[in-house]
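Colleague: Here it is: the structure, laid out below.
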Amino acid sequence: MRDFVRRIESATPADRDRAVDALRALAILGVILGHWMVTALVVDSGTMHGSSPLHYMPRFTPVSWAFQTLAVFFLVGGQVGAKSYASARARGENYGRWLRTRMARLLRPVVVVLLVWTVAAGTMLASGADQDTVRALCKLVWSPLWFLVVFAVLTAATPLVARLHPLWPFAVVLINDLCRFGLDAPGGFASVNVLAGWLVPYCLGAAWARGDLCGRRTGWVLLIGGAAATAGLVLRAGYPAAMVGVPGVRISNLDPPTLAVVTFGLAQCGAALLLLGPLRRALRRPALWAAVATVNLSAMTIFLWHQTALIAVTATGLLVGGTLQGLHTVPDDPGWVLARLGWLLAFAGALLICCAAFRGHERGRARSNSLVVRERRPARAEAAPHV
């Protein structure tokens with residue numbers, strides 16, 4: 001282990017901003033823990049269906065505030081995308097080559113998970129599995145992929161949006177919400193918020209890459225202003241308090257993104273900027289940096305397979321021990337929450353197995369000769385920064 005840590009430390013360029021990698025790792029892990037805590041697969045009369053503890057226990061809504069970290073991911077994505085495109089231009093690389101490289105690193109592992117689950121779904125149906133159960137499992141795995149579609153579109157549009165002020169997409173979300181909720185207008189244009197809502201933190205990231213977000217004052221303005229705006233929208237304007245989707249609710253803050261989730265994201269971006277200094281100091285410790293670098297090397301694999309890990313543990317538990325608390329039961333009491341906390345280690349273990357099996361697809365098998373170098377010099381293997 002010490003040799004591994006030393007190799008990472010020695011291979012890390014002196015000018016690398018380790019805090020950016022840490023923010024990306026925190027964002028990915030936040031989303032995963034959030035899914036594991038608010039997603040339940042309930043076994044009922046031989047079928048399995050999805051549920052959420054937030055539906056039965058709204059008092060646990062603050063959990064969604066801690067683990068809904070997508071805005072931070074888009075902030076980092078905008079910063080890395082803008083810097084990457086600027087570097088490509090400086091090297092004389094054209095847009096098409098730059099985009100192909102980034103899309104390959106983003107989409108290659110997606111193809112693998114889609115193929116595996118298509119085969120798995122077909123096998124289950126052919127063996128007589130309940131159709132509703134198969135549908136629930138596939139939805140659990142495939143539904144988070146919407147985020148990657150949005151990220152891919154924004155990445156492709158980086159040359160156009162790199163200098164776009166975040167107020168423009170913010171205004172689009174505001175106008176859409178005024179039409180939907182204030183004027184009771186048809187929600188036909190609400191889907192525009194799917195891009196506009198996440199374009200706000202992406203544009204903030206691009207501004208960060210240009211050096212326009214320097215200073216702690218900007219961080220405090222975003223944090224306090226975003227938090228105050230979110231509180232006002234929830235308490236006074238009737239927006240849902242949960243920052244994640246909750247089954248059975250009439251309005252979701254994520255489908256499509258509402259003004260509340262955008263202002264909440266601004267607060268998160270402010271907090272992320274304020275954390276840069278402490279993170280940079282903490283990541284001078286080689287062991288901590290090694291952990292962050294390792295997560296970044298397999299960031300896409302971790303994200304794509306975390307729901308499969310949950311499903312694998314749930315299915316294994318059902319086969320071995322029958323209906324288990326926190327794993328197969330209705331999430332309607334605090335006992336379920338305590339039991340689910342105990343299952344997190346099992347989910348993490350299953351995810352490690354998935355990463356060991358599939359992380360090679362994230363880096364590309366065609367570049368097998370370079371994988372040895374990447375393993376020896378993981379800090380230079382910028383798999384996650386290209387996401």
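FYI, nothing fancy with the structure tokens labels: chains A, B, ... in order, residues from 1 per chain, ligands from 1 as they appear.
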Counting only C-alpha atoms, give me one row per residue of segment 136-215 of chain A with an atom at most 10 Å from an atom of segment 94-103 of chain A, showing the shortest contact pair and its distance in Å to one decimal, sorted by chain then residue number, as a Markdown table.
Modeller:
```
| residue | atom | partner | partner_atom | distance |
| --- | --- | --- | --- | --- |
| A:Ala152 | CA | A:Met103 | CA | 7.1 |
| A:Val153 | CA | A:Met103 | CA | 9.9 |
| A:Thr155 | CA | A:Leu99 | CA | 8.0 |
| A:Ala156 | CA | A:Leu99 | CA | 6.5 |
| A:Ala157 | CA | A:Leu99 | CA | 9.7 |
| A:Thr158 | CA | A:Leu99 | CA | 9.6 |
| A:Pro159 | CA | A:Tyr95 | CA | 8.5 |
```
Colleague: From the DSSP assignment of the backbone, select every residue of segment 121-301 of chain A that is alpha helix (DSSP H), and format the answer as a compact mmCIF listing (two decimals) with N, CA, C and O atoms, in the first residue's frame.
Modeller:
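In the end it all went to states15.txt:
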```
# COMPACT_ATOMS: atom_id res chain seq x y z
N ALA A 121 -31.63 -8.63 -18.74
CA ALA A 121 -33.09 -8.51 -18.79
C ALA A 121 -33.69 -9.59 -19.68
O ALA A 121 -34.71 -10.21 -19.33
N GLY A 122 -33.07 -9.82 -20.84
CA GLY A 122 -33.57 -10.87 -21.73
C GLY A 122 -33.50 -12.24 -21.09
O GLY A 122 -34.43 -13.06 -21.23
N THR A 123 -32.42 -12.50 -20.35
CA THR A 123 -32.28 -13.79 -19.68
C THR A 123 -33.33 -13.97 -18.60
O THR A 123 -33.93 -15.06 -18.47
N MET A 124 -33.57 -12.93 -17.83
CA MET A 124 -34.57 -13.02 -16.77
C MET A 124 -35.97 -13.26 -17.35
O MET A 124 -36.73 -14.08 -16.84
N LEU A 125 -36.29 -12.55 -18.40
CA LEU A 125 -37.62 -12.72 -19.00
C LEU A 125 -37.76 -14.11 -19.62
O LEU A 125 -38.81 -14.75 -19.51
N ALA A 126 -36.69 -14.59 -20.26
CA ALA A 126 -36.74 -15.92 -20.86
C ALA A 126 -36.87 -17.02 -19.82
O ALA A 126 -37.45 -18.09 -20.10
N GLN A 131 -42.42 -9.72 -15.14
CA GLN A 131 -42.11 -8.59 -16.01
C GLN A 131 -41.99 -7.29 -15.23
O GLN A 131 -41.13 -6.46 -15.51
N ASP A 132 -42.87 -7.11 -14.23
CA ASP A 132 -42.80 -5.88 -13.44
C ASP A 132 -41.50 -5.80 -12.66
O ASP A 132 -40.92 -4.71 -12.50
N THR A 133 -41.03 -6.93 -12.19
CA THR A 133 -39.75 -6.95 -11.47
C THR A 133 -38.60 -6.60 -12.38
O THR A 133 -37.75 -5.78 -12.05
N VAL A 134 -38.58 -7.20 -13.56
CA VAL A 134 -37.51 -6.90 -14.52
C VAL A 134 -37.55 -5.43 -14.91
O VAL A 134 -36.51 -4.77 -15.01
N ARG A 135 -38.76 -4.92 -15.11
CA ARG A 135 -38.89 -3.50 -15.47
C ARG A 135 -38.37 -2.60 -14.36
O ARG A 135 -37.67 -1.61 -14.62
N ALA A 136 -38.67 -2.94 -13.11
CA ALA A 136 -38.20 -2.13 -11.98
C ALA A 136 -36.69 -2.14 -11.86
O ALA A 136 -36.05 -1.11 -11.60
N LEU A 137 -36.08 -3.30 -12.08
CA LEU A 137 -34.62 -3.41 -11.98
C LEU A 137 -33.94 -2.63 -13.10
O LEU A 137 -32.96 -1.90 -12.86
N CYS A 138 -34.44 -2.77 -14.31
CA CYS A 138 -33.84 -2.06 -15.44
C CYS A 138 -34.00 -0.55 -15.28
O CYS A 138 -33.08 0.22 -15.59
N LYS A 139 -35.14 -0.13 -14.79
CA LYS A 139 -35.35 1.31 -14.57
C LYS A 139 -34.37 1.84 -13.55
O LYS A 139 -33.83 2.95 -13.69
N LEU A 140 -34.11 1.05 -12.52
CA LEU A 140 -33.18 1.46 -11.48
C LEU A 140 -31.78 1.67 -12.05
O LEU A 140 -31.07 2.60 -11.65
N VAL A 141 -31.38 0.82 -12.98
CA VAL A 141 -30.04 0.91 -13.57
C VAL A 141 -29.97 1.99 -14.64
O VAL A 141 -29.01 2.76 -14.71
N TRP A 142 -30.99 2.06 -15.47
CA TRP A 142 -30.92 2.92 -16.65
C TRP A 142 -31.38 4.36 -16.39
O TRP A 142 -30.93 5.27 -17.09
N TRP A 146 -29.84 9.53 -17.62
CA TRP A 146 -30.25 10.83 -18.17
C TRP A 146 -29.18 11.88 -17.90
O TRP A 146 -28.93 12.76 -18.74
N PHE A 147 -28.56 11.76 -16.74
CA PHE A 147 -27.54 12.73 -16.35
C PHE A 147 -26.37 12.73 -17.32
O PHE A 147 -25.82 13.78 -17.67
N LEU A 148 -25.99 11.54 -17.80
CA LEU A 148 -24.87 11.45 -18.73
C LEU A 148 -25.24 12.02 -20.10
O LEU A 148 -24.39 12.59 -20.79
N VAL A 149 -26.50 11.86 -20.50
CA VAL A 149 -26.95 12.45 -21.77
C VAL A 149 -26.83 13.97 -21.71
O VAL A 149 -26.30 14.61 -22.63
N VAL A 150 -27.29 14.55 -20.60
CA VAL A 150 -27.20 16.00 -20.44
C VAL A 150 -25.74 16.44 -20.41
O VAL A 150 -25.36 17.42 -21.07
N PHE A 151 -24.92 15.69 -19.69
CA PHE A 151 -23.51 16.06 -19.60
C PHE A 151 -22.83 15.98 -20.97
O PHE A 151 -22.00 16.83 -21.31
N ALA A 152 -23.18 14.97 -21.76
CA ALA A 152 -22.60 14.84 -23.09
C ALA A 152 -23.00 16.02 -23.97
O ALA A 152 -22.18 16.55 -24.73
N VAL A 153 -24.26 16.44 -23.90
CA VAL A 153 -24.72 17.57 -24.71
C VAL A 153 -23.98 18.85 -24.30
O VAL A 153 -23.52 19.62 -25.16
N LEU A 154 -23.87 19.09 -23.01
CA LEU A 154 -23.17 20.29 -22.54
C LEU A 154 -21.69 20.25 -22.90
O LEU A 154 -21.09 21.28 -23.25
N THR A 155 -21.10 19.06 -22.84
CA THR A 155 -19.70 18.93 -23.23
C THR A 155 -19.52 19.27 -24.70
O THR A 155 -18.59 20.00 -25.08
N ALA A 156 -20.42 18.76 -25.54
CA ALA A 156 -20.34 19.05 -26.98
C ALA A 156 -20.51 20.54 -27.25
O ALA A 156 -19.96 21.08 -28.22
N THR A 158 -19.49 22.96 -25.34
CA THR A 158 -18.52 23.75 -24.58
C THR A 158 -17.99 24.96 -25.34
O THR A 158 -17.91 26.06 -24.77
N PRO A 159 -17.62 24.85 -26.63
CA PRO A 159 -17.13 26.04 -27.33
C PRO A 159 -18.16 27.18 -27.39
O PRO A 159 -17.78 28.35 -27.43
N LEU A 160 -19.45 26.82 -27.36
CA LEU A 160 -20.49 27.84 -27.43
C LEU A 160 -20.82 28.43 -26.06
O LEU A 160 -21.17 29.61 -25.96
N VAL A 161 -20.75 27.61 -25.03
CA VAL A 161 -21.21 28.06 -23.71
C VAL A 161 -20.07 28.44 -22.79
O VAL A 161 -20.31 28.91 -21.67
N LEU A 167 -26.28 33.71 -15.79
CA LEU A 167 -27.60 34.34 -15.63
C LEU A 167 -28.54 34.03 -16.79
O LEU A 167 -29.76 34.02 -16.62
N TRP A 168 -28.00 33.76 -17.99
CA TRP A 168 -28.87 33.47 -19.13
C TRP A 168 -29.62 32.16 -18.96
O TRP A 168 -30.85 32.13 -19.06
N PRO A 169 -28.96 31.04 -18.70
CA PRO A 169 -29.74 29.81 -18.44
C PRO A 169 -30.58 29.91 -17.18
O PRO A 169 -31.66 29.32 -17.10
N PHE A 170 -30.10 30.66 -16.18
CA PHE A 170 -30.89 30.86 -14.97
C PHE A 170 -32.21 31.55 -15.30
O PHE A 170 -33.28 31.19 -14.79
N ALA A 171 -32.14 32.55 -16.19
CA ALA A 171 -33.35 33.27 -16.60
C ALA A 171 -34.32 32.35 -17.33
O ALA A 171 -35.55 32.46 -17.17
N VAL A 172 -33.79 31.41 -18.12
CA VAL A 172 -34.65 30.45 -18.83
C VAL A 172 -35.42 29.60 -17.83
O VAL A 172 -36.63 29.38 -17.96
N VAL A 173 -34.73 29.10 -16.80
CA VAL A 173 -35.40 28.29 -15.77
C VAL A 173 -36.45 29.12 -15.04
O VAL A 173 -37.57 28.65 -14.79
N LEU A 174 -36.12 30.35 -14.71
CA LEU A 174 -37.04 31.24 -14.00
C LEU A 174 -38.31 31.47 -14.82
O LEU A 174 -39.44 31.36 -14.30
N ILE A 175 -38.16 31.79 -16.09
CA ILE A 175 -39.31 32.06 -16.95
C ILE A 175 -40.17 30.81 -17.11
O ILE A 175 -41.41 30.86 -17.05
N ASN A 176 -39.52 29.66 -17.30
CA ASN A 176 -40.27 28.41 -17.42
C ASN A 176 -41.08 28.11 -16.17
O ASN A 176 -42.24 27.69 -16.25
N ASP A 177 -40.49 28.32 -15.01
CA ASP A 177 -41.20 28.05 -13.77
C ASP A 177 -42.34 29.04 -13.54
O ASP A 177 -43.40 28.68 -13.01
N VAL A 192 -37.11 22.10 -21.40
CA VAL A 192 -35.95 22.95 -21.67
C VAL A 192 -35.10 23.09 -20.41
O VAL A 192 -33.87 23.25 -20.46
N ASN A 193 -35.76 23.02 -19.25
CA ASN A 193 -35.03 23.16 -17.99
C ASN A 193 -34.02 22.04 -17.76
O ASN A 193 -33.10 22.19 -16.96
N VAL A 194 -34.20 20.90 -18.43
CA VAL A 194 -33.26 19.80 -18.25
C VAL A 194 -31.86 20.24 -18.67
O VAL A 194 -30.86 19.91 -18.02
N LEU A 195 -31.77 21.00 -19.75
CA LEU A 195 -30.48 21.54 -20.18
C LEU A 195 -30.16 22.85 -19.48
O LEU A 195 -29.04 23.03 -18.97
N ALA A 196 -31.12 23.75 -19.42
CA ALA A 196 -30.86 25.07 -18.85
C ALA A 196 -30.50 24.99 -17.38
O ALA A 196 -29.60 25.71 -16.90
N GLY A 197 -31.18 24.09 -16.65
CA GLY A 197 -30.92 23.99 -15.21
C GLY A 197 -29.50 23.58 -14.90
O GLY A 197 -28.85 24.14 -14.00
N TRP A 198 -28.97 22.60 -15.65
CA TRP A 198 -27.60 22.13 -15.38
C TRP A 198 -26.57 22.96 -16.13
O TRP A 198 -25.37 22.87 -15.83
N LEU A 199 -27.03 23.78 -17.07
CA LEU A 199 -26.11 24.69 -17.74
C LEU A 199 -25.64 25.79 -16.79
O LEU A 199 -24.55 26.34 -16.95
N VAL A 200 -26.44 26.09 -15.77
CA VAL A 200 -26.06 27.13 -14.81
C VAL A 200 -24.75 26.77 -14.10
O VAL A 200 -23.78 27.54 -14.16
N PRO A 201 -24.67 25.62 -13.41
CA PRO A 201 -23.37 25.29 -12.79
C PRO A 201 -22.27 25.00 -13.81
O PRO A 201 -21.09 25.26 -13.52
N TYR A 202 -22.63 24.49 -14.99
CA TYR A 202 -21.61 24.24 -16.02
C TYR A 202 -20.98 25.56 -16.45
O TYR A 202 -19.76 25.64 -16.61
N CYS A 203 -21.80 26.59 -16.63
CA CYS A 203 -21.27 27.91 -17.00
C CYS A 203 -20.45 28.50 -15.86
O CYS A 203 -19.44 29.19 -16.10
N LEU A 204 -20.85 28.26 -14.62
CA LEU A 204 -20.05 28.70 -13.49
C LEU A 204 -18.67 28.04 -13.52
O LEU A 204 -17.65 28.68 -13.24
N GLY A 205 -18.65 26.77 -13.88
CA GLY A 205 -17.38 26.07 -13.99
C GLY A 205 -16.50 26.66 -15.08
O GLY A 205 -15.27 26.79 -14.91
N ALA A 206 -17.11 27.02 -16.21
CA ALA A 206 -16.34 27.65 -17.29
C ALA A 206 -15.80 29.00 -16.84
O ALA A 206 -14.66 29.36 -17.17
N ALA A 207 -16.60 29.75 -16.08
CA ALA A 207 -16.12 31.02 -15.54
C ALA A 207 -14.97 30.80 -14.57
O ALA A 207 -14.00 31.58 -14.53
N TRP A 208 -15.05 29.74 -13.79
CA TRP A 208 -13.95 29.37 -12.89
C TRP A 208 -12.68 29.09 -13.68
O TRP A 208 -11.58 29.53 -13.31
N ALA A 209 -12.81 28.39 -14.81
CA ALA A 209 -11.64 28.09 -15.65
C ALA A 209 -11.01 29.37 -16.19
O ALA A 209 -9.79 29.44 -16.39
N ARG A 210 -11.83 30.39 -16.44
CA ARG A 210 -11.31 31.67 -16.95
C ARG A 210 -10.71 32.53 -15.85
O ARG A 210 -10.13 33.58 -16.11
N ARG A 216 -12.80 34.19 -2.01
CA ARG A 216 -13.81 33.55 -1.18
C ARG A 216 -15.13 34.32 -1.17
O ARG A 216 -16.18 33.76 -0.86
N ARG A 217 -15.07 35.59 -1.53
CA ARG A 217 -16.30 36.39 -1.54
C ARG A 217 -17.33 35.80 -2.50
O ARG A 217 -18.52 35.73 -2.17
N THR A 218 -16.89 35.36 -3.67
CA THR A 218 -17.80 34.75 -4.64
C THR A 218 -18.45 33.51 -4.05
O THR A 218 -19.65 33.28 -4.21
N GLY A 219 -17.64 32.69 -3.38
CA GLY A 219 -18.18 31.50 -2.76
C GLY A 219 -19.24 31.81 -1.72
O GLY A 219 -20.30 31.17 -1.68
N TRP A 220 -18.98 32.79 -0.88
CA TRP A 220 -19.96 33.15 0.15
C TRP A 220 -21.23 33.72 -0.46
O TRP A 220 -22.34 33.44 0.00
N VAL A 221 -21.10 34.54 -1.51
CA VAL A 221 -22.29 35.10 -2.17
C VAL A 221 -23.16 33.98 -2.74
O VAL A 221 -24.39 33.98 -2.58
N LEU A 222 -22.53 33.01 -3.43
CA LEU A 222 -23.29 31.90 -4.00
C LEU A 222 -23.92 31.05 -2.90
O LEU A 222 -25.08 30.64 -3.01
N LEU A 223 -23.16 30.76 -1.85
CA LEU A 223 -23.67 29.91 -0.78
C LEU A 223 -24.84 30.57 -0.06
O LEU A 223 -25.92 29.96 0.08
N ILE A 224 -24.66 31.78 0.39
CA ILE A 224 -25.71 32.45 1.17
C ILE A 224 -26.88 32.82 0.28
O ILE A 224 -28.05 32.60 0.63
N GLY A 225 -26.59 33.37 -0.90
CA GLY A 225 -27.68 33.76 -1.80
C GLY A 225 -28.48 32.56 -2.28
O GLY A 225 -29.72 32.59 -2.30
N GLY A 226 -27.78 31.48 -2.66
CA GLY A 226 -28.48 30.28 -3.12
C GLY A 226 -29.30 29.64 -2.02
O GLY A 226 -30.43 29.20 -2.26
N ALA A 227 -28.75 29.57 -0.80
CA ALA A 227 -29.48 28.97 0.31
C ALA A 227 -30.71 29.80 0.68
O ALA A 227 -31.79 29.24 0.93
N ALA A 228 -30.56 31.12 0.69
CA ALA A 228 -31.71 31.98 1.03
C ALA A 228 -32.80 31.88 -0.04
O ALA A 228 -33.99 31.81 0.28
N ALA A 229 -32.38 31.86 -1.30
CA ALA A 229 -33.37 31.74 -2.38
C ALA A 229 -34.10 30.41 -2.32
O ALA A 229 -35.32 30.34 -2.51
N THR A 230 -33.36 29.34 -2.05
CA THR A 230 -33.99 28.01 -1.96
C THR A 230 -34.97 27.95 -0.81
O THR A 230 -36.09 27.42 -0.95
N ALA A 231 -34.57 28.48 0.35
CA ALA A 231 -35.48 28.50 1.50
C ALA A 231 -36.75 29.29 1.18
O ALA A 231 -37.86 28.87 1.54
N GLY A 232 -36.59 30.43 0.51
CA GLY A 232 -37.76 31.21 0.15
C GLY A 232 -38.68 30.48 -0.80
O GLY A 232 -39.91 30.52 -0.66
N LEU A 233 -38.11 29.80 -1.79
CA LEU A 233 -38.92 29.07 -2.77
C LEU A 233 -39.67 27.91 -2.11
O LEU A 233 -40.82 27.62 -2.46
N VAL A 234 -39.03 27.23 -1.16
CA VAL A 234 -39.66 26.10 -0.50
C VAL A 234 -40.73 26.57 0.49
O VAL A 234 -41.86 26.04 0.53
N LEU A 235 -40.40 27.59 1.29
CA LEU A 235 -41.30 28.02 2.36
C LEU A 235 -42.41 28.94 1.86
O LEU A 235 -43.52 28.93 2.41
N ARG A 236 -42.12 29.72 0.83
CA ARG A 236 -43.09 30.73 0.39
C ARG A 236 -43.74 30.42 -0.96
O ARG A 236 -44.88 30.82 -1.20
N LEU A 259 -36.58 25.81 -10.42
CA LEU A 259 -35.77 26.93 -9.95
C LEU A 259 -35.18 26.62 -8.58
O LEU A 259 -34.05 27.03 -8.27
N ALA A 260 -35.91 25.86 -7.75
CA ALA A 260 -35.42 25.55 -6.41
C ALA A 260 -34.16 24.70 -6.46
O ALA A 260 -33.21 24.94 -5.70
N VAL A 261 -34.12 23.70 -7.33
CA VAL A 261 -32.93 22.86 -7.39
C VAL A 261 -31.76 23.61 -8.02
O VAL A 261 -30.60 23.34 -7.69
N VAL A 262 -32.06 24.60 -8.86
CA VAL A 262 -30.99 25.42 -9.45
C VAL A 262 -30.38 26.33 -8.38
O VAL A 262 -29.16 26.45 -8.27
N THR A 263 -31.23 26.99 -7.60
CA THR A 263 -30.70 27.86 -6.53
C THR A 263 -29.98 27.03 -5.47
O THR A 263 -28.97 27.45 -4.92
N PHE A 264 -30.50 25.84 -5.19
CA PHE A 264 -29.82 24.95 -4.27
C PHE A 264 -28.45 24.57 -4.83
O PHE A 264 -27.45 24.50 -4.09
N GLY A 265 -28.37 24.35 -6.13
CA GLY A 265 -27.10 24.05 -6.77
C GLY A 265 -26.13 25.21 -6.68
O GLY A 265 -24.91 25.01 -6.52
N LEU A 266 -26.63 26.44 -6.77
CA LEU A 266 -25.76 27.60 -6.62
C LEU A 266 -25.14 27.63 -5.23
O LEU A 266 -23.95 27.94 -5.07
N ALA A 267 -25.95 27.28 -4.22
CA ALA A 267 -25.42 27.22 -2.86
C ALA A 267 -24.34 26.15 -2.75
O ALA A 267 -23.30 26.36 -2.11
N GLN A 268 -24.57 25.00 -3.39
CA GLN A 268 -23.57 23.94 -3.36
C GLN A 268 -22.28 24.36 -4.07
O GLN A 268 -21.18 24.06 -3.61
N CYS A 269 -22.43 25.08 -5.19
CA CYS A 269 -21.25 25.56 -5.91
C CYS A 269 -20.46 26.54 -5.05
O CYS A 269 -19.22 26.52 -5.04
N GLY A 270 -21.17 27.39 -4.33
CA GLY A 270 -20.50 28.31 -3.41
C GLY A 270 -19.74 27.56 -2.34
O GLY A 270 -18.58 27.89 -2.03
N ALA A 271 -20.37 26.54 -1.76
CA ALA A 271 -19.69 25.74 -0.74
C ALA A 271 -18.47 25.04 -1.32
O ALA A 271 -17.42 24.94 -0.66
N ALA A 272 -18.59 24.55 -2.56
CA ALA A 272 -17.46 23.88 -3.20
C ALA A 272 -16.28 24.83 -3.38
O ALA A 272 -15.12 24.47 -3.12
N LEU A 273 -16.55 26.06 -3.80
CA LEU A 273 -15.48 27.03 -3.98
C LEU A 273 -14.82 27.38 -2.65
O LEU A 273 -13.59 27.56 -2.58
N LEU A 274 -15.61 27.44 -1.59
CA LEU A 274 -15.05 27.74 -0.27
C LEU A 274 -14.20 26.59 0.26
O LEU A 274 -13.31 26.79 1.09
N LEU A 275 -14.49 25.38 -0.21
CA LEU A 275 -13.74 24.20 0.25
C LEU A 275 -12.40 24.03 -0.46
O LEU A 275 -11.59 23.20 -0.04
N LEU A 276 -12.17 24.79 -1.52
CA LEU A 276 -10.96 24.58 -2.31
C LEU A 276 -9.69 24.70 -1.47
O LEU A 276 -8.79 23.84 -1.54
N GLY A 277 -9.60 25.75 -0.67
CA GLY A 277 -8.42 25.95 0.15
C GLY A 277 -8.18 24.81 1.13
O GLY A 277 -7.09 24.22 1.16
N PRO A 278 -9.18 24.48 1.96
CA PRO A 278 -9.01 23.36 2.89
C PRO A 278 -8.69 22.04 2.19
O PRO A 278 -7.88 21.25 2.69
N LEU A 279 -9.32 21.79 1.04
CA LEU A 279 -9.04 20.55 0.32
C LEU A 279 -7.61 20.51 -0.19
O LEU A 279 -6.93 19.48 -0.12
N ARG A 280 -7.12 21.62 -0.71
CA ARG A 280 -5.75 21.65 -1.21
C ARG A 280 -4.75 21.37 -0.09
O ARG A 280 -3.76 20.67 -0.28
N ARG A 281 -5.03 21.91 1.10
CA ARG A 281 -4.13 21.65 2.23
C ARG A 281 -4.21 20.19 2.66
O ARG A 281 -3.18 19.55 2.94
N ALA A 282 -5.44 19.66 2.74
CA ALA A 282 -5.61 18.28 3.19
C ALA A 282 -4.98 17.28 2.21
O ALA A 282 -4.42 16.26 2.62
N PRO A 286 -0.15 12.33 1.18
CA PRO A 286 -0.13 11.36 0.07
C PRO A 286 -1.21 10.30 0.16
O PRO A 286 -1.80 9.93 -0.87
N ALA A 287 -1.51 9.79 1.35
CA ALA A 287 -2.50 8.71 1.47
C ALA A 287 -3.89 9.20 1.08
O ALA A 287 -4.64 8.50 0.39
N LEU A 288 -4.25 10.41 1.52
CA LEU A 288 -5.56 10.95 1.18
C LEU A 288 -5.66 11.23 -0.31
O LEU A 288 -6.68 10.94 -0.96
N TRP A 289 -4.60 11.78 -0.88
CA TRP A 289 -4.59 12.04 -2.32
C TRP A 289 -4.69 10.75 -3.12
O TRP A 289 -5.36 10.68 -4.15
N ALA A 290 -4.05 9.69 -2.64
CA ALA A 290 -4.11 8.41 -3.34
C ALA A 290 -5.55 7.90 -3.39
O ALA A 290 -5.99 7.35 -4.42
N ALA A 291 -6.29 8.07 -2.30
CA ALA A 291 -7.69 7.64 -2.29
C ALA A 291 -8.51 8.44 -3.28
O ALA A 291 -9.34 7.88 -4.02
N VAL A 292 -8.31 9.75 -3.32
CA VAL A 292 -9.05 10.60 -4.25
C VAL A 292 -8.70 10.25 -5.70
O VAL A 292 -9.59 10.14 -6.56
N ALA A 293 -7.43 10.06 -5.98
CA ALA A 293 -7.00 9.73 -7.34
C ALA A 293 -7.57 8.39 -7.78
O ALA A 293 -7.98 8.22 -8.94
N THR A 294 -7.64 7.44 -6.87
CA THR A 294 -8.18 6.12 -7.21
C THR A 294 -9.66 6.21 -7.57
O THR A 294 -10.11 5.58 -8.54
N VAL A 295 -10.42 6.99 -6.81
CA VAL A 295 -11.84 7.18 -7.14
C VAL A 295 -11.99 7.83 -8.51
O VAL A 295 -12.83 7.42 -9.32
N ASN A 296 -11.17 8.83 -8.80
CA ASN A 296 -11.27 9.52 -10.07
C ASN A 296 -10.93 8.63 -11.26
O ASN A 296 -11.50 8.79 -12.34
N LEU A 297 -10.02 7.70 -11.06
CA LEU A 297 -9.64 6.82 -12.16
C LEU A 297 -10.81 5.95 -12.62
O LEU A 297 -10.87 5.56 -13.78
N ALA A 299 -14.22 6.78 -11.94
CA ALA A 299 -15.42 7.53 -11.60
C ALA A 299 -16.64 7.08 -12.39
O ALA A 299 -17.73 6.89 -11.83
N MET A 300 -16.49 6.91 -13.70
CA MET A 300 -17.62 6.51 -14.52
C MET A 300 -18.07 5.09 -14.18
O MET A 300 -19.27 4.80 -14.12
N THR A 301 -17.12 4.21 -13.96
CA THR A 301 -17.47 2.83 -13.61
C THR A 301 -18.22 2.79 -12.29
O THR A 301 -19.22 2.08 -12.15
```
Colleague: Would you mind listing what lies within 9 Å of segment 47-58 of chain A as number ranges by chain, with only C-alpha atoms counted and same-chain residues fewer than 4 positions away left out?
Modeller: A: 37-43, 62-64, 130-137, 140, 242, 246-249, 328, 330-334, 336-337
Colleague: Would you export the selected residues with C-alpha atoms as an mmCIF file, in the first residue's frame, please?
Modeller:
```cif
data_model
loop_
_atom_site.group_PDB
_atom_site.id
_atom_site.type_symbol
_atom_site.label_atom_id
_atom_site.label_comp_id
_atom_site.auth_asym_id
_atom_site.auth_seq_id
_atom_site.Cartn_x
_atom_site.Cartn_y
_atom_site.Cartn_z
ATOM 1 C CA MET A 37 -30.211 5.579 1.021
ATOM 2 C CA VAL A 38 -33.383 6.737 -0.745
ATOM 3 C CA THR A 39 -33.882 3.780 -3.103
ATOM 4 C CA ALA A 40 -35.718 0.721 -1.832
ATOM 5 C CA LEU A 41 -36.547 -2.505 -3.677
ATOM 6 C CA VAL A 42 -39.630 -3.848 -1.918
ATOM 7 C CA VAL A 43 -40.548 -7.522 -2.267
ATOM 8 C CA PRO A 62 -32.711 16.756 4.700
ATOM 9 C CA VAL A 63 -30.918 13.585 3.569
ATOM 10 C CA SER A 64 -31.608 14.701 0.005
ATOM 11 C CA ASP A 130 -41.965 -11.370 -13.414
ATOM 12 C CA GLN A 131 -42.108 -8.594 -16.008
ATOM 13 C CA ASP A 132 -42.799 -5.878 -13.443
ATOM 14 C CA THR A 133 -39.754 -6.954 -11.466
ATOM 15 C CA VAL A 134 -37.514 -6.898 -14.524
ATOM 16 C CA ARG A 135 -38.892 -3.498 -15.474
ATOM 17 C CA ALA A 136 -38.204 -2.128 -11.975
ATOM 18 C CA LEU A 137 -34.624 -3.408 -11.985
ATOM 19 C CA LEU A 140 -33.177 1.456 -11.481
ATOM 20 C CA ALA A 242 -36.815 17.219 -1.342
ATOM 21 C CA VAL A 246 -39.912 11.066 -4.613
ATOM 22 C CA PRO A 247 -42.416 8.477 -5.907
ATOM 23 C CA GLY A 248 -46.013 9.621 -5.789
ATOM 24 C CA VAL A 249 -45.444 13.376 -5.527
ATOM 25 C CA HIS A 328 -36.611 -5.942 0.930
ATOM 26 C CA VAL A 330 -41.242 -1.232 2.955
ATOM 27 C CA PRO A 331 -39.149 1.820 3.982
ATOM 28 C CA ASP A 332 -41.734 3.266 6.351
ATOM 29 C CA ASP A 333 -40.026 3.457 9.744
ATOM 30 C CA PRO A 334 -36.699 4.533 11.296
ATOM 31 C CA TRP A 336 -35.526 0.575 7.982
ATOM 32 C CA VAL A 337 -33.095 3.508 7.904
#
```
